[in-house]
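This report concerns only the one structure given below.
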Protein chains: 4
Amino acid sequence: MKAYKIYVGGEFLQTEKTFDVINSYDNSTVAQSWMADQYHLEKAITAAQAVEDDLKNMPSYKRYDILMQIVDGLEEKREEIGRTIALEAAKPLVYALGEVDRSIQTFKIAAEESKRLPKEYMSLDWTAAGSGKEGIVKYFPIGLVAGIAPFNFPLNLAVHKIAPAIAAGCPIILKPSTNTPLACLALAEVIDKTDLPKGAISILPMDRQTGNQLVTDERFKLLSFTGSPQVGWKMKKDAGKKKVVLELGGNAGVIIGDSADLDQAVKKCVVGGFAYAGQVCIHTQRIYVHENIFDAFTEKFVESVKQFVPGAPDNPKTQMTTMIDEYNAQRVEEWVNDAVEQGAVILAGGNREAAYFEPTILTNTRKEMKVCALEIFGPVVTLEKFSDFDQAIHEINYGDFGLQAGVFTNRIDEMNTAFNELEVGGVIINDVPTFRVDHMPYGGVKESGLGREGVKYAMFDMLEPKILVKNM
Amino acid sequence: MKAYKIYVGGEFLQTEKTFDVINSYDNSTVAQSWMADQYHLEKAITAAQAVEDDLKNMPSYKRYDILMQIVDGLEEKREEIGRTIALEAAKPLVYALGEVDRSIQTFKIAAEESKRLPKEYMSLDWTAAGSGKEGIVKYFPIGLVAGIAPFNFPLNLAVHKIAPAIAAGCPIILKPSTNTPLACLALAEVIDKTDLPKGAISILPMDRQTGNQLVTDERFKLLSFTGSPQVGWKMKKDAGKKKVVLELGGNAGVIIGDSADLDQAVKKCVVGGFAYAGQVCIHTQRIYVHENIFDAFTEKFVESVKQFVPGAPDNPKTQMTTMIDEYNAQRVEEWVNDAVEQGAVILAGGNREAAYFEPTILTNTRKEMKVCALEIFGPVVTLEKFSDFDQAIHEINYGDFGLQAGVFTNRIDEMNTAFNELEVGGVIINDVPTFRVDHMPYGGVKESGLGREGVKYAMFDMLEPKILVKNM
Amino acid sequence: MKAYKIYVGGEFLQTEKTFDVINSYDNSTVAQSWMADQYHLEKAITAAQAVEDDLKNMPSYKRYDILMQIVDGLEEKREEIGRTIALEAAKPLVYALGEVDRSIQTFKIAAEESKRLPKEYMSLDWTAAGSGKEGIVKYFPIGLVAGIAPFNFPLNLAVHKIAPAIAAGCPIILKPSTNTPLACLALAEVIDKTDLPKGAISILPMDRQTGNQLVTDERFKLLSFTGSPQVGWKMKKDAGKKKVVLELGGNAGVIIGDSADLDQAVKKCVVGGFAYAGQVCIHTQRIYVHENIFDAFTEKFVESVKQFVPGAPDNPKTQMTTMIDEYNAQRVEEWVNDAVEQGAVILAGGNREAAYFEPTILTNTRKEMKVCALEIFGPVVTLEKFSDFDQAIHEINYGDFGLQAGVFTNRIDEMNTAFNELEVGGVIINDVPTFRVDHMPYGGVKESGLGREGVKYAMFDMLEPKILVKNM
Amino acid sequence: MKAYKIYVGGEFLQTEKTFDVINSYDNSTVAQSWMADQYHLEKAITAAQAVEDDLKNMPSYKRYDILMQIVDGLEEKREEIGRTIALEAAKPLVYALGEVDRSIQTFKIAAEESKRLPKEYMSLDWTAAGSGKEGIVKYFPIGLVAGIAPFNFPLNLAVHKIAPAIAAGCPIILKPSTNTPLACLALAEVIDKTDLPKGAISILPMDRQTGNQLVTDERFKLLSFTGSPQVGWKMKKDAGKKKVVLELGGNAGVIIGDSADLDQAVKKCVVGGFAYAGQVCIHTQRIYVHENIFDAFTEKFVESVKQFVPGAPDNPKTQMTTMIDEYNAQRVEEWVNDAVEQGAVILAGGNREAAYFEPTILTNTRKEMKVCALEIFGPVVTLEKFSDFDQAIHEINYGDFGLQAGVFTNRIDEMNTAFNELEVGGVIINDVPTFRVDHMPYGGVKESGLGREGVKYAMFDMLEPKILVKNM
């Protein structure tokens, strides 16, 4: 069986504590890895601090070269890493390969942004006090970054912390999910072959206790966390003096107006609702359709969804497979049953078999039900009709979250209203909320997060401005 | 009778050649002024060059203060200057006062932009050759500017050259139209009372021959001309080494789609078509209405236009009065008759009395007719129907000009098509092409011009970048 | 005796708890004011939330007008408010008037920035996934802001929270220092007369317990605190989900190289070291002089400082007066005595009389002494020599703080080294660290703070980006 | 013998008129090529216009991919194209390979900039007239570009027109120098293999008469010329309505202050003065050295230069070889003799053998001499002393040109003065004026040019802004 060593300050190490990574589709063991403990974390911190000055003073062409070396390395191992993601995360191969491609793109963006760090040049002579003076503002690396990544995009959501860190000149210690650490450790192998100074990056699977130190240790200057709201907001409290960026979840919704292109809307909603079994932060969880087209939409949508056939993640034809583990499939089942007991109607799916939960469409829901109000993080979609656009906006805004929202419409006034009124980080016109490209600002409001990622936005939080007040 | 001296290098002078400024409404003499000749121009150039270094090195707070002193001065004389514009340009008082307000706004924008000259700070270490080097780019005043302004906005179109010149730190010699030099000379009186170094601005009415020197003299570093296409393009050829900005005319059109708000469209088109008797570069000359709403639009539009009653320009109730002179009214009459002979139908207006030409609506026109293809610069509008949006785009794009276009629509796809396909400098959604605010980029493509105005855009052409390559 | 009512949601109110504001120079009572309690805070929050939508949707020209109305109001009351600051803060009148002028400038900058909120427009088609899509990013007001301001600049440090809040469209509740609430309440009177919707601003002197709610209440979306490090960092922990900006103190230092202009350096250091008795966040606390010019500098500096004569704050000739209270003067005395006991030598000053502490220069200090390592916030300066520039850099970087630093030099290499190596928010060349103009980014690193102020920088934290992904 | 076909609208063609490309070192024929005539130009124009819409609407990821395909193609053919440049231009191989590397870098920059076309998003509601409106400004390709490139950098100066054109979405027809067309035609072979639509690029060696059509034909929307001042300024006059960018020559100078690092200065000046026999627009022609170090500098400089040994261009050890042709070597000889007759003294070199002119240092020159006042474009440097920095600035500014200037100094005040006072496009601190990296803004003032190149700056002139005024 393959084994992935952890990457500590430039060395690949085994520790005393091993663990297995499981493919939830067939409960097979994908590979073995090791847990870091406090000793390894300390080693990683020391190694990181030793290269801080090197990273800070590295000319941009070297940062660019290193990041493009990673691009090349990932392109070479695309198939292998794609397959690893498929197995460790139970992600259909086509999506897993797509994730590798996106990570390549994320590194490429970072390579380009490393040459374009924010810089300002300003006149200061707006009053006599500043006469003869000018300011130039340069952004310096903030220092050591702690990154914590979730299981659902084992590679790309880690890369959204690692790539900006390299581009910004910060060392980073990243904790992958212990469910899915393999792609990240494979990335470490790629990075290790580049000119990046050893120690700049460590990839450490670790237990909760060791992980806590990422939050509390004052030697970290930024904590960048992607994961669940409860955990994230708790971390903000415990983070001491460091900056905190939180990319949390939501219950994203989409509005389909009566001027929409129906076929396009159906097609996009199928993907938004069920790709990777809905285990996506911007999963299309709630669909509101204008009453004029509700029936037509429903018919086509239900039909499309019913054709899904479960399959093994590493089968290139598989569209949907098991959830990350049976525990979560049970949780989803419970929430669906709960909704049905309170009056919701199942239009498709609703059944579970071990870790597999059928793609499920509910209607007759109420906004207080768990399937609406909480983040389901599973292959379940609610489908409701509306008569008035403002009412649909109001529904989407209900609740604690605000990540992204989609609006299918050909009306300028609806687009304007949606942009002005929806309480989210992103409003996607004529696409599902699940849309993301890797250089756009991405992140939520309300309980969905704090700050933005998207390479240059992530870099911004890894940089500290310093002004030089100089003579003209 | 009031007399306005010309403003030469900080002095108010009379010359040997006097001339009268006429109110075309009643042929009364508004005031007297004087013509500059080569001697005065030389004097102005010498005075301008003497203060170039002062202007270049003036801290931004002083530029700001001077520009805000002008704002205060204009606010104080708002009524007086408004009345002057009304009389010299035969512009209804309400529009004349509006023009003063816009000039105040233009100076205010320039005051703010003077503190925000473009500035760049960039890393140069994208290759080893640039290692250890950085660039800071500062924009320095280009030197002496020649400005030539037209009659139709005697104040604000001159201000769109003067205000940016002060903000950028360039001296400027401005030639107003000899039809309408008074508001500009009144502005000179305001400016003369500020802290602006004498010589930085001269306002010189002049004959064609002297004016030619503004074009050919190599001591001017920029020629900024607003006027007719034939004159403008000829100047570009004769301008020697200097930069040239041309703000010329057009035959702007508007498309009214069937999703438009009809009443809003009618109301805006009445203003766009007939304000200041259509003597506006972005006059709404051609209206294309979707066949579904063509009849309804036509009825309301014709009805609105028929209510216009001519009046004296200085009567606050007057909506429309005479054109700038009888010669131009005759020209418009000829073009309209020409069109009618070729099959056009008059829906309203069509008659002339001395310099007054009735607000006129034509239909059944063809795009080759002068009233469509050339810039009419008079109170005439053509009104045609279309069935297909792309066809309407095609109509608008026909011909030599491309200044701005309006599109009334609530459809996102129509907005996108219009923005991508219309060959103009500005696409105005749900308003007429006549829309302009003073800080937006403004200018045409094709034969409608070269470059952009709009304060910071005008300033950009008055500045020359210089890079400092420095050690990091 | 004059009494200043508190300003609660648009109303000037008295409460049950009154308190006196004292002039520390003669212990006279300047005026009376009132304490807000939880009831008033609740009233202020409710009023603020009621106008959130109005503020968000207010066109920029209205925001501009309101902010310029405040400018006009302050200009009218300049003398009165200046005198109020002088008395409540024991600040020499000339500095107090300077503070009013700076507040006027801060509002003016905010007026201009309100029209220039950050906005982005980007292509999203960097991969096929984004084909046909573009992004526009608009920054929306974050919601209700809690501001906490210190005693030392009773007006301008509050204005640095209030003006950006108005510009950004956020309501704000501001707690002034209870030592110096009067200028702020006078500002409230100015604001109350403008078109700003009532409730957008409340000014509430309050006790610690009520103040805590500004930190913990989740209805506030941003806490902006200016004050001491201990209090500030504790607040970050307790702030829940809201964003936190901290402007804390430091022990700012200056390096005087042997290529420096000596007279300029002496003159600036006198002001930086003793203006407002050193009660300034960027007070010039530590001076390092190159050995070649150390003696010459010392002689001139000591001489200059010895000429200070204490006077009443409202006397226009007074350069220095009492500290904010006797307690603090005693603290400073203690620290100085402590240093002397450990070997420091007094070159000037060193004596206390009630709340007055003489302008004091120490030498022979060591960097661990309180007078070096902590923020003295009093009229005490340490003066040491260095032989090697890097060593001086090292001295400045020693310790927990990093706000600003000054460097007097005519050497490019020293300037570059200083900018790259000094661990501060701002490096001021040929001026003291005490230099600040109100539109520059201002704030510290290490324990000196989190985030930046300086109008547009402060606004940035009051805004939340939202992307509209649209069709091209 | 190798033959290079011309590249016409996507086809490689022979014409009726062939010509030989000569290696001036040994008068051998490098290769054969063909002249385009009006027929081929017409064919190229037609092909270009046919793909204008495709280019305009091409998503940025495709532009990026095409440009990176060119990068890959050039990397593959680096040695071959380097050798071609060496032979056709008589350029030492090491510099010829360096030029290929820079062209690769130029395409790489263009690839990145193609995703970052300028874009603006602005509020328009600065007055009530703009209430409810916003502007988004997008930059569209201007249309067909005519490019004319010189002999001295046969590849990279053509690439500085071609790469931005592809990035901006404009078709381009490029005329290389008929002395050195081969590298450009080799590039055409690389481009032909990419996904760039055929017709987007044509490379046409042509006679003067056909070349004139590039200037006068109104179907070209931009003329971008790199070459001699006389030709360039004449073209501006004849260019009709199109935009014109001129990258012309100069007599660049450098100031070496007494705080400079002498060895660094000598080393840089040797390269700046004699690399490629001074046939560089920013050739270091004039050196002004502070009197304190003049003798020391002179000794080291003369010594370095005397070690030059002529060699064949394709010998990797050659530092300097023949000039482009004997005619130019004779011209340089004449100017030098002329100077000597007027009192100049030769410190090194001064002799000619066929097309080879020795690296030559003159002193005792006067600024009116041809070797000072005109662009020598040969391996000749003048060396003079100064006592006062301002005087040195004055010397540099003397004359008609203003491309770049170098200043060796460690003084902040000298750096500031130089930046503020030198009338050039670029001031290079601690390096020669010959410094250029390919993404910096590059271009001259006075008679040295109009506009800037440097990829994104070149792109700016290939783009036309269009504003969409939309509802908020």
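Residue numbering restarts at 1 for every chain of the structure tokens, chains are lettered A, B, ... in their displayed order, and ligands are numbered from 1 as they appear.
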
Review point. Near Phe151 (chain D), counting only C-alpha atoms, which residues have an atom at most 12 Å away, once you skip same-chain residues fewer than 6 positions from it, shown as number ranges by chain?
Key: D: 21, 85-86, 88-91, 157-158, 175-184, 205, 226-228, 276, 279-281, 323-325, 377

Using only C-alpha atoms, please write the residues we just selected to a file, as a PDB file, in the first residue's frame.
```pdb
ATOM      1  CA  VAL D  21      20.708  39.982 -46.426  1.00  0.00           C
ATOM      2  CA  ILE D  85      20.196  37.920 -35.500  1.00  0.00           C
ATOM      3  CA  ALA D  86      23.967  37.749 -34.970  1.00  0.00           C
ATOM      4  CA  GLU D  88      22.002  39.684 -40.184  1.00  0.00           C
ATOM      5  CA  ALA D  89      22.639  42.502 -37.726  1.00  0.00           C
ATOM      6  CA  ALA D  90      26.345  41.895 -37.062  1.00  0.00           C
ATOM      7  CA  LYS D  91      25.450  41.598 -33.403  1.00  0.00           C
ATOM      8  CA  LEU D 157      11.639  45.942 -31.292  1.00  0.00           C
ATOM      9  CA  ALA D 158       9.254  44.223 -33.696  1.00  0.00           C
ATOM     10  CA  LYS D 175       7.527  46.058 -41.847  1.00  0.00           C
ATOM     11  CA  PRO D 176      10.956  44.917 -40.617  1.00  0.00           C
ATOM     12  CA  SER D 177      14.118  46.645 -41.739  1.00  0.00           C
ATOM     13  CA  THR D 178      15.190  45.252 -45.101  1.00  0.00           C
ATOM     14  CA  ASN D 179      18.688  45.027 -43.614  1.00  0.00           C
ATOM     15  CA  THR D 180      17.522  42.601 -40.978  1.00  0.00           C
ATOM     16  CA  PRO D 181      14.209  40.917 -41.823  1.00  0.00           C
ATOM     17  CA  LEU D 182      15.203  37.345 -41.048  1.00  0.00           C
ATOM     18  CA  ALA D 183      14.607  37.010 -37.313  1.00  0.00           C
ATOM     19  CA  CYS D 184      11.177  38.530 -37.806  1.00  0.00           C
ATOM     20  CA  PRO D 205       9.757  43.587 -45.978  1.00  0.00           C
ATOM     21  CA  THR D 226      10.556  52.840 -34.254  1.00  0.00           C
ATOM     22  CA  GLY D 227      13.354  54.523 -36.135  1.00  0.00           C
ATOM     23  CA  SER D 228      14.990  57.836 -36.826  1.00  0.00           C
ATOM     24  CA  TYR D 276      26.379  46.478 -30.140  1.00  0.00           C
ATOM     25  CA  GLN D 279      23.744  51.194 -32.267  1.00  0.00           C
ATOM     26  CA  VAL D 280      21.124  51.413 -29.543  1.00  0.00           C
ATOM     27  CA  CYS D 281      18.495  54.149 -29.091  1.00  0.00           C
ATOM     28  CA  MET D 323      28.660  48.321 -37.537  1.00  0.00           C
ATOM     29  CA  ILE D 324      25.566  47.600 -39.599  1.00  0.00           C
ATOM     30  CA  ASP D 325      27.296  48.765 -42.776  1.00  0.00           C
ATOM     31  CA  PHE D 377      24.451  55.571 -33.186  1.00  0.00           C
TER      32      PHE D 377
END
```

Contacts between chain A and chain D, please, where a residue of chain D counts if it comes within 10 Å (with only C-alpha atoms); show its shortest atom pair and distance in Å to one decimal, rows by chain and ascending number, as JSON lines.
```
{"residue": "D:Ile109", "atom": "CA", "partner": "A:Glu112", "partner_atom": "CA", "distance": 9.3}
{"residue": "D:Glu112", "atom": "CA", "partner": "A:Glu112", "partner_atom": "CA", "distance": 7.1}
{"residue": "D:Glu113", "atom": "CA", "partner": "A:Glu112", "partner_atom": "CA", "distance": 9.7}
{"residue": "D:Ile412", "atom": "CA", "partner": "A:Asn471", "partner_atom": "CA", "distance": 8.4}
{"residue": "D:Asp413", "atom": "CA", "partner": "A:Asn471", "partner_atom": "CA", "distance": 8.4}
{"residue": "D:Met415", "atom": "CA", "partner": "A:Met472", "partner_atom": "CA", "distance": 9.7}
{"residue": "D:Asn416", "atom": "CA", "partner": "A:Met472", "partner_atom": "CA", "distance": 6.2}
{"residue": "D:Thr417", "atom": "CA", "partner": "A:Met472", "partner_atom": "CA", "distance": 8.7}
{"residue": "D:Phe419", "atom": "CA", "partner": "A:Met472", "partner_atom": "CA", "distance": 9.0}
{"residue": "D:Asn420", "atom": "CA", "partner": "A:Met472", "partner_atom": "CA", "distance": 8.2}
{"residue": "D:Lys470", "atom": "CA", "partner": "A:Ile412", "partner_atom": "CA", "distance": 9.4}
{"residue": "D:Asn471", "atom": "CA", "partner": "A:Asn416", "partner_atom": "CA", "distance": 7.5}
{"residue": "D:Met472", "atom": "CA", "partner": "A:Asn416", "partner_atom": "CA", "distance": 6.2}
```

Point to revise | For Ile142 (chain B): contacts at 12 Å, only C-alpha atoms, fewer than 2 positions along chain excluded, given as a PyMOL selection string | key: (chain B and resi 49+52-53+55-56+139-140+144-146+165-166+168-172+219-223+242-243+459-466) or (chain D and resi 423-425+445-446+450)

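If you count only C-alpha atoms and ignore residues fewer than 6 places along the chain from Tyr442 (chain C), what sits within 10 Å of it is Pro465, Lys466 and Ile467 of chain A; Glu247, Leu403, Gln404, Gly425, Gly426, Arg436, Gly451, Arg452, Glu453, Gly454, Val455, Tyr457 and Ala458 of chain C.
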
Using N, CA, C and O atoms, can you write the selected residues to a file as a PDB file, in the first residue's frame?
```
ATOM      1  N   PRO A 465       1.176  46.736   4.712  1.00  0.00           N
ATOM      2  CA  PRO A 465       1.668  47.937   4.043  1.00  0.00           C
ATOM      3  C   PRO A 465       2.680  48.691   4.902  1.00  0.00           C
ATOM      4  O   PRO A 465       2.583  48.696   6.120  1.00  0.00           O
ATOM      5  N   LYS A 466       3.661  49.285   4.230  1.00  0.00           N
ATOM      6  CA  LYS A 466       4.597  50.172   4.923  1.00  0.00           C
ATOM      7  C   LYS A 466       4.785  51.385   4.019  1.00  0.00           C
ATOM      8  O   LYS A 466       5.037  51.238   2.830  1.00  0.00           O
ATOM      9  N   ILE A 467       4.622  52.561   4.575  1.00  0.00           N
ATOM     10  CA  ILE A 467       4.777  53.768   3.765  1.00  0.00           C
ATOM     11  C   ILE A 467       6.168  54.359   3.968  1.00  0.00           C
ATOM     12  O   ILE A 467       6.667  54.424   5.096  1.00  0.00           O
TER      13      ILE A 467
ATOM     14  N   GLU C 247      -5.735  50.988  16.649  1.00  0.00           N
ATOM     15  CA  GLU C 247      -4.673  51.987  16.507  1.00  0.00           C
ATOM     16  C   GLU C 247      -4.093  52.220  17.880  1.00  0.00           C
ATOM     17  O   GLU C 247      -4.656  52.958  18.680  1.00  0.00           O
ATOM     18  N   LEU C 403       5.246  51.490  15.199  1.00  0.00           N
ATOM     19  CA  LEU C 403       4.273  52.409  14.606  1.00  0.00           C
ATOM     20  C   LEU C 403       4.918  53.164  13.451  1.00  0.00           C
ATOM     21  O   LEU C 403       4.627  52.898  12.287  1.00  0.00           O
ATOM     22  N   GLN C 404       5.781  54.121  13.761  1.00  0.00           N
ATOM     23  CA  GLN C 404       6.494  54.834  12.717  1.00  0.00           C
ATOM     24  C   GLN C 404       7.938  55.059  13.175  1.00  0.00           C
ATOM     25  O   GLN C 404       8.245  54.939  14.359  1.00  0.00           O
ATOM     26  N   GLY C 425       4.956  50.784  10.583  1.00  0.00           N
ATOM     27  CA  GLY C 425       3.983  51.082   9.545  1.00  0.00           C
ATOM     28  C   GLY C 425       4.421  52.200   8.620  1.00  0.00           C
ATOM     29  O   GLY C 425       3.964  52.283   7.486  1.00  0.00           O
ATOM     30  N   GLY C 426       5.319  53.069   9.112  1.00  0.00           N
ATOM     31  CA  GLY C 426       5.746  54.186   8.276  1.00  0.00           C
ATOM     32  C   GLY C 426       7.170  54.600   8.578  1.00  0.00           C
ATOM     33  O   GLY C 426       7.562  54.716   9.740  1.00  0.00           O
ATOM     34  N   ARG C 436       2.499  63.073  10.363  1.00  0.00           N
ATOM     35  CA  ARG C 436       1.314  62.435   9.807  1.00  0.00           C
ATOM     36  C   ARG C 436       0.497  63.457   9.058  1.00  0.00           C
ATOM     37  O   ARG C 436       0.241  64.541   9.562  1.00  0.00           O
ATOM     38  N   GLY C 451      -4.423  46.884  11.235  1.00  0.00           N
ATOM     39  CA  GLY C 451      -5.146  47.669  10.246  1.00  0.00           C
ATOM     40  C   GLY C 451      -4.584  49.074  10.117  1.00  0.00           C
ATOM     41  O   GLY C 451      -3.601  49.434  10.760  1.00  0.00           O
ATOM     42  N   ARG C 452      -5.207  49.846   9.249  1.00  0.00           N
ATOM     43  CA  ARG C 452      -4.726  51.187   8.959  1.00  0.00           C
ATOM     44  C   ARG C 452      -5.874  52.176   8.985  1.00  0.00           C
ATOM     45  O   ARG C 452      -6.986  51.849   8.572  1.00  0.00           O
ATOM     46  N   GLU C 453      -5.580  53.405   9.438  1.00  0.00           N
ATOM     47  CA  GLU C 453      -6.505  54.502   9.236  1.00  0.00           C
ATOM     48  C   GLU C 453      -5.917  55.446   8.197  1.00  0.00           C
ATOM     49  O   GLU C 453      -4.863  55.172   7.615  1.00  0.00           O
ATOM     50  N   GLY C 454      -6.615  56.549   7.944  1.00  0.00           N
ATOM     51  CA  GLY C 454      -6.176  57.495   6.923  1.00  0.00           C
ATOM     52  C   GLY C 454      -7.253  57.642   5.857  1.00  0.00           C
ATOM     53  O   GLY C 454      -6.952  57.546   4.673  1.00  0.00           O
ATOM     54  N   VAL C 455      -8.482  57.852   6.312  1.00  0.00           N
ATOM     55  CA  VAL C 455      -9.692  58.044   5.519  1.00  0.00           C
ATOM     56  C   VAL C 455      -9.938  56.868   4.568  1.00  0.00           C
ATOM     57  O   VAL C 455     -10.671  55.953   4.921  1.00  0.00           O
ATOM     58  N   TYR C 457      -8.246  54.358   3.817  1.00  0.00           N
ATOM     59  CA  TYR C 457      -7.840  53.097   4.437  1.00  0.00           C
ATOM     60  C   TYR C 457      -8.837  52.711   5.536  1.00  0.00           C
ATOM     61  O   TYR C 457      -9.188  51.555   5.689  1.00  0.00           O
ATOM     62  N   ALA C 458      -9.266  53.689   6.293  1.00  0.00           N
ATOM     63  CA  ALA C 458     -10.285  53.421   7.311  1.00  0.00           C
ATOM     64  C   ALA C 458     -11.590  52.998   6.644  1.00  0.00           C
ATOM     65  O   ALA C 458     -12.293  52.103   7.121  1.00  0.00           O
TER      66      ALA C 458
END
```

Exercise for review: Have a look at CA of Asn397 (chain A) and CA of Thr298 (chain A) and let me know their distance in Å, one decimal.
Suggested key: 22.7 Å

Point to revise | Straight-line distance linking CA of Val302 (chain C) with CA of Thr360 (chain C), stated in Å to one decimal | key: 9.1 Å
